[in-house]
Amino acid sequence: WRERTWHAKYTEVVEFYKEHGHTRVDKKDHPSLYNWIQTQGKRYKELKGHKPLSEEELELLEQIDFPFFEDQPRMSWNNMYTKVERYREDNDGRFPDHKDDSKLNRWMRQQRGRMRCEYGYAQLSDEQKCLLESISCPMLPAAIRRRAWYERYDELVEFWKQHGHFFVENKTLFNWVHRQRVRYKGCGKSNGLPMSKSEVYLLERIGFPWISDRGEVQWQIRYDELVQFLEAEGRFPKDSEHPSLYKWMANQRYRYKGNGYSDLSDHQIQKLEKIGFRWSMTD
C-alpha cells in the first residue's frame with residue numbers, strides 16, 4: 001500500500017514538473033504534494049526518524065530537479081572526482097558500488113545522468129566530460145534500458161488514450177508490450193533486469209492487462225462500430241445495410257443463449273443491454 005502511494009505521488013510530481021518546469025510546490029495550493037516532497041527531502045538527508053530512500057526511489061527522484069538536492073551540503077565536483085580516482089587505484093580499477101561506498105556510487109549515477117543529458121539533470125561542462133571519459137566512466141546499460149522503457153511507456157499511454165485498448169499494431173511497440181507480460185509472469189525478470197515496482201505500478205495505473213486477449217479487443221472494436229451506427233441512424237443495422245455487423249449481432253445472440261459459442265461475459269452483456277440490444281429478433 002505504501003509503495004503504491006509513493007509511486008502515485010511521484011507520478012503527480014512528474015506531471016507538475018512537466019507543466020511548471022520545477023518542483024517548488026506551493027503549500028497552500030497543493031498541501032499534500034508539498035508535504036510529500038518535504039518528507040522525501042528528510043529521507044534523502046537521512047534525518048533521524050525517517051526511513052532512508054531505496055535505490056529505486058532515489059534513482060527516480062534524481063531524474064527531476066528537487067530543491068532538497070541543492071540544499072544538501074556536498075563536496076565540490078573535483079573533490080568527488082578525486083575520491084573516485086583514489087577508490088579505483090585501491091580496488092584494481094573497479095568503480096564503487098552502493099555497498100562499498102553509497103555516497104560515491106550515488107555521485108557516479110548522477111554524473112551518468114548528466115553525461116547523457118537526461119531529463120532533469122544539469123549538463124556537465126566540457127572539462128568534466130573529459131575527466132569522466134579519461135577514467136572510462138561506465139554508462140550503465142541497465143539505466144539506459146530503463147530510460148528506453150519510459151519512452152515506450154509514453155508511447156503506449158498515447159495509444160491507449162487514442163484507442164481505449166492495448167492491442168497495438170506497431171511492431172516495435174507490440175514486441176515491447178509482449179516483453180512486459182513475459183517479465184511480469186517470469187518472476188519479474190527479463191535479460192537480467194528486474195521489473196521494478198514503479199514499472200508495475202505505472203502499467204496497472206492505466207489498466208494494462210497482464211494477460212493478452214485479442215478476442216476481447218476485437219469484440220470492443222465491433223461494439224464501438226455498432227454504437228456509432230446506432231448514434232447515427234437511431235436504430236440497429238439491417239443485413240442489407242451492414243452484413244458483417246449484422247452477422248456479429250447474430251453471433252452475440254447465439255453466445256448469449258449458449259448455442260455452441262463461447263459465453264458472453266457479464267461485462268459484455270451489460271454493455272449490450274445498455275444500448276438496448278435485443279436478445280431475440282421477436283422481442
# chains A, B, ... in the order shown; residues from 1 in each chain; ligands from 1
call {"tool": "select_by_dssp", "arguments": {"residues": "stretch 74-262 of chain A", "states": "helix (DSSP H, G or I)", "output": "number ranges by chain"}}
result
A: 77-90, 102-115, 126-134, 141-163, 171-185, 197-205, 214-233, 243-257
call {"tool": "residues_around", "arguments": {"residues": "A:Leu131", "least_positions_apart": "4", "cutoff": "12 Å", "atoms": "only C-alpha atoms", "output": "VMD selection string"}}
result
chain A and resid 77 to 78 80 to 82 84 to 85 111 115 124 to 127 135 to 137
call {"tool": "write_last_selection", "arguments": {"atoms": "all heavy atoms", "output": "compact mmCIF listing (two decimals), in the first residue's frame"}}
result
# COMPACT_ATOMS: atom_id res chain seq x y z
N TRP A 77 32.73 19.19 -6.97
CA TRP A 77 32.78 18.17 -8.02
C TRP A 77 34.18 17.57 -8.13
O TRP A 77 34.35 16.36 -8.21
CB TRP A 77 32.37 18.81 -9.35
CG TRP A 77 32.07 17.80 -10.43
CD1 TRP A 77 30.86 17.28 -10.75
CD2 TRP A 77 33.03 17.18 -11.30
NE1 TRP A 77 30.99 16.37 -11.78
CE2 TRP A 77 32.31 16.28 -12.14
CE3 TRP A 77 34.41 17.28 -11.47
CZ2 TRP A 77 32.92 15.51 -13.12
CZ3 TRP A 77 35.02 16.51 -12.45
CH2 TRP A 77 34.29 15.63 -13.26
N ASN A 78 35.21 18.43 -8.10
CA ASN A 78 36.58 17.95 -8.26
C ASN A 78 37.00 17.05 -7.09
O ASN A 78 37.72 16.06 -7.29
CB ASN A 78 37.55 19.13 -8.37
CG ASN A 78 37.44 19.83 -9.72
OD1 ASN A 78 37.03 19.21 -10.71
ND2 ASN A 78 37.78 21.11 -9.76
N MET A 80 35.01 15.11 -5.33
CA MET A 80 34.35 13.83 -5.50
C MET A 80 35.02 13.02 -6.61
O MET A 80 35.19 11.79 -6.49
CB MET A 80 32.86 14.04 -5.83
CG MET A 80 32.06 14.61 -4.67
SD MET A 80 32.05 13.53 -3.21
CE MET A 80 30.92 12.26 -3.75
N TYR A 81 35.40 13.69 -7.66
CA TYR A 81 36.08 13.01 -8.76
C TYR A 81 37.41 12.41 -8.27
O TYR A 81 37.75 11.27 -8.61
CB TYR A 81 36.34 14.00 -9.90
CG TYR A 81 37.16 13.41 -11.02
CD1 TYR A 81 36.58 12.61 -11.99
CD2 TYR A 81 38.54 13.66 -11.10
CE1 TYR A 81 37.33 12.06 -13.02
CE2 TYR A 81 39.31 13.12 -12.11
CZ TYR A 81 38.70 12.32 -13.07
OH TYR A 81 39.46 11.77 -14.09
N THR A 82 38.13 13.17 -7.46
CA THR A 82 39.40 12.68 -6.91
C THR A 82 39.18 11.45 -6.03
O THR A 82 39.97 10.50 -6.05
CB THR A 82 40.08 13.79 -6.09
OG1 THR A 82 40.32 14.92 -6.94
CG2 THR A 82 41.40 13.31 -5.51
N VAL A 84 36.84 9.25 -6.41
CA VAL A 84 36.59 8.12 -7.30
C VAL A 84 37.90 7.58 -7.85
O VAL A 84 38.11 6.36 -7.91
CB VAL A 84 35.64 8.52 -8.46
CG1 VAL A 84 35.54 7.40 -9.49
CG2 VAL A 84 34.25 8.85 -7.92
N GLU A 85 38.79 8.49 -8.25
CA GLU A 85 40.09 8.07 -8.77
C GLU A 85 40.85 7.25 -7.72
O GLU A 85 41.43 6.19 -8.05
CB GLU A 85 40.93 9.30 -9.16
CG GLU A 85 40.64 9.83 -10.54
CD GLU A 85 41.68 10.85 -10.97
OE1 GLU A 85 42.02 11.74 -10.15
OE2 GLU A 85 42.16 10.76 -12.12
N GLN A 111 26.42 11.62 -12.31
CA GLN A 111 27.27 12.04 -13.44
C GLN A 111 26.86 11.34 -14.73
O GLN A 111 26.91 11.93 -15.81
CB GLN A 111 28.75 11.76 -13.14
CG GLN A 111 29.27 12.35 -11.85
CD GLN A 111 28.71 13.75 -11.57
OE1 GLN A 111 28.86 14.67 -12.37
NE2 GLN A 111 28.08 13.90 -10.41
N MET A 115 25.86 13.17 -17.98
CA MET A 115 26.60 12.86 -19.21
C MET A 115 25.63 12.60 -20.36
O MET A 115 25.87 13.00 -21.50
CB MET A 115 27.48 11.63 -18.98
CG MET A 115 28.24 11.16 -20.20
SD MET A 115 29.80 12.04 -20.45
CE MET A 115 30.87 11.16 -19.31
N LEU A 124 26.96 18.52 -17.93
CA LEU A 124 28.36 18.62 -17.49
C LEU A 124 29.10 19.63 -18.36
O LEU A 124 28.77 19.83 -19.52
CB LEU A 124 29.04 17.26 -17.61
CG LEU A 124 28.58 16.16 -16.64
CD1 LEU A 124 29.07 14.82 -17.15
CD2 LEU A 124 29.10 16.43 -15.25
N SER A 125 30.14 20.22 -17.77
CA SER A 125 31.00 21.09 -18.58
C SER A 125 31.90 20.21 -19.45
O SER A 125 32.04 19.01 -19.21
CB SER A 125 31.86 21.97 -17.66
OG SER A 125 32.79 21.15 -16.95
N ASP A 126 32.51 20.79 -20.47
CA ASP A 126 33.40 20.03 -21.35
C ASP A 126 34.57 19.43 -20.57
O ASP A 126 34.99 18.30 -20.83
CB ASP A 126 33.94 20.93 -22.48
CG ASP A 126 32.84 21.33 -23.45
OD1 ASP A 126 31.81 20.62 -23.51
OD2 ASP A 126 33.02 22.35 -24.15
N GLU A 127 35.07 20.19 -19.59
CA GLU A 127 36.19 19.71 -18.78
C GLU A 127 35.77 18.49 -17.95
O GLU A 127 36.50 17.51 -17.85
CB GLU A 127 36.68 20.81 -17.84
CG GLU A 127 37.84 20.39 -16.95
CD GLU A 127 38.26 21.47 -15.97
OE1 GLU A 127 37.66 22.56 -16.00
OE2 GLU A 127 39.17 21.21 -15.18
N ILE A 135 38.60 8.23 -17.29
CA ILE A 135 38.57 7.07 -16.40
C ILE A 135 37.56 6.02 -16.88
O ILE A 135 37.18 5.12 -16.14
CB ILE A 135 38.25 7.47 -14.94
CG1 ILE A 135 36.90 8.16 -14.84
CG2 ILE A 135 39.35 8.36 -14.37
CD1 ILE A 135 36.44 8.43 -13.41
N SER A 136 37.11 6.19 -18.14
CA SER A 136 36.17 5.23 -18.76
C SER A 136 34.91 5.05 -17.90
O SER A 136 34.52 3.93 -17.58
CB SER A 136 36.84 3.88 -18.98
OG SER A 136 37.99 4.03 -19.79
N CYS A 137 34.29 6.16 -17.55
CA CYS A 137 33.07 6.11 -16.73
C CYS A 137 32.00 5.27 -17.43
O CYS A 137 31.61 5.56 -18.55
CB CYS A 137 32.54 7.53 -16.52
SG CYS A 137 30.97 7.61 -15.65
call {"tool": "atom_distance", "arguments": {"atom1": "atom CA of A:Arg253", "atom2": "atom CA of A:Gly207"}}
result
28.6 Å
call {"tool": "closest_residue", "arguments": {"among": "A:Gln38, A:Asn79, A:Gln110, A:Ser196", "to": "A:His7", "atoms": "only C-alpha atoms"}}
result
A:Ser196
call {"tool": "atom_distance", "arguments": {"atom1": "atom CA of A:Glu57", "atom2": "atom CA of A:Val200"}}
result
14.1 Å
call {"tool": "residues_around", "arguments": {"residues": "A:Glu225", "least_positions_apart": "3", "cutoff": "12 Å", "atoms": "only C-alpha atoms", "output": "ChimeraX atom specification"}}
result
/A:218-222,228-232,236-237,242,244-246,248-249
call {"tool": "write_last_selection", "arguments": {"atoms": "C-alpha atoms", "output": "mmCIF file, in the first residue's frame"}}
result
data_model
loop_
_atom_site.group_PDB
_atom_site.id
_atom_site.type_symbol
_atom_site.label_atom_id
_atom_site.label_comp_id
_atom_site.auth_asym_id
_atom_site.auth_seq_id
_atom_site.Cartn_x
_atom_site.Cartn_y
_atom_site.Cartn_z
ATOM 1 C CA GLN A 218 -11.863 -7.321 -31.404
ATOM 2 C CA TRP A 219 -15.218 -7.535 -29.586
ATOM 3 C CA GLN A 220 -14.796 -3.977 -28.299
ATOM 4 C CA ILE A 221 -13.971 -2.715 -31.803
ATOM 5 C CA ARG A 222 -17.162 -4.279 -33.181
ATOM 6 C CA GLN A 228 -21.577 4.547 -33.910
ATOM 7 C CA PHE A 229 -24.193 3.158 -36.275
ATOM 8 C CA LEU A 230 -26.867 3.377 -33.583
ATOM 9 C CA GLU A 231 -25.996 7.005 -32.819
ATOM 10 C CA ALA A 232 -26.024 7.956 -36.499
ATOM 11 C CA PHE A 236 -29.666 -1.220 -35.288
ATOM 12 C CA PRO A 237 -28.359 -2.161 -38.766
ATOM 13 C CA HIS A 242 -24.162 -3.800 -42.941
ATOM 14 C CA SER A 244 -20.721 -8.103 -41.243
ATOM 15 C CA LEU A 245 -22.079 -6.096 -38.316
ATOM 16 C CA TYR A 246 -25.488 -7.804 -38.640
ATOM 17 C CA TRP A 248 -21.781 -10.059 -35.433
ATOM 18 C CA MET A 249 -25.046 -9.168 -33.668
#
call {"tool": "closest_residue", "arguments": {"among": "A:Val177, A:Met281, A:Val157, A:Leu202", "to": "A:Trp6", "atoms": "only C-alpha atoms"}}
result
A:Leu202
call {"tool": "closest_residue", "arguments": {"among": "A:Arg109, A:Lys185, A:Arg94, A:Arg152", "to": "A:Asn170", "atoms": "only C-alpha atoms"}}
result
A:Arg152
call {"tool": "atom_distance", "arguments": {"atom1": "atom CA of A:Gly41", "atom2": "atom CA of A:Lys99"}}
result
21.9 Å
call {"tool": "select_by_dssp", "arguments": {"residues": "stretch 12-252 of chain A", "states": "strand (DSSP E)", "output": "list of chain:residue names"}}
result
A:Lys189, A:Ser190, A:Leu193, A:Pro194
call {"tool": "residues_around", "arguments": {"residues": "A:Tyr254", "least_positions_apart": "3", "cutoff": "12 Å", "atoms": "only C-alpha atoms", "output": "number ranges by chain"}}
result
A: 247-251, 257-264, 278-281
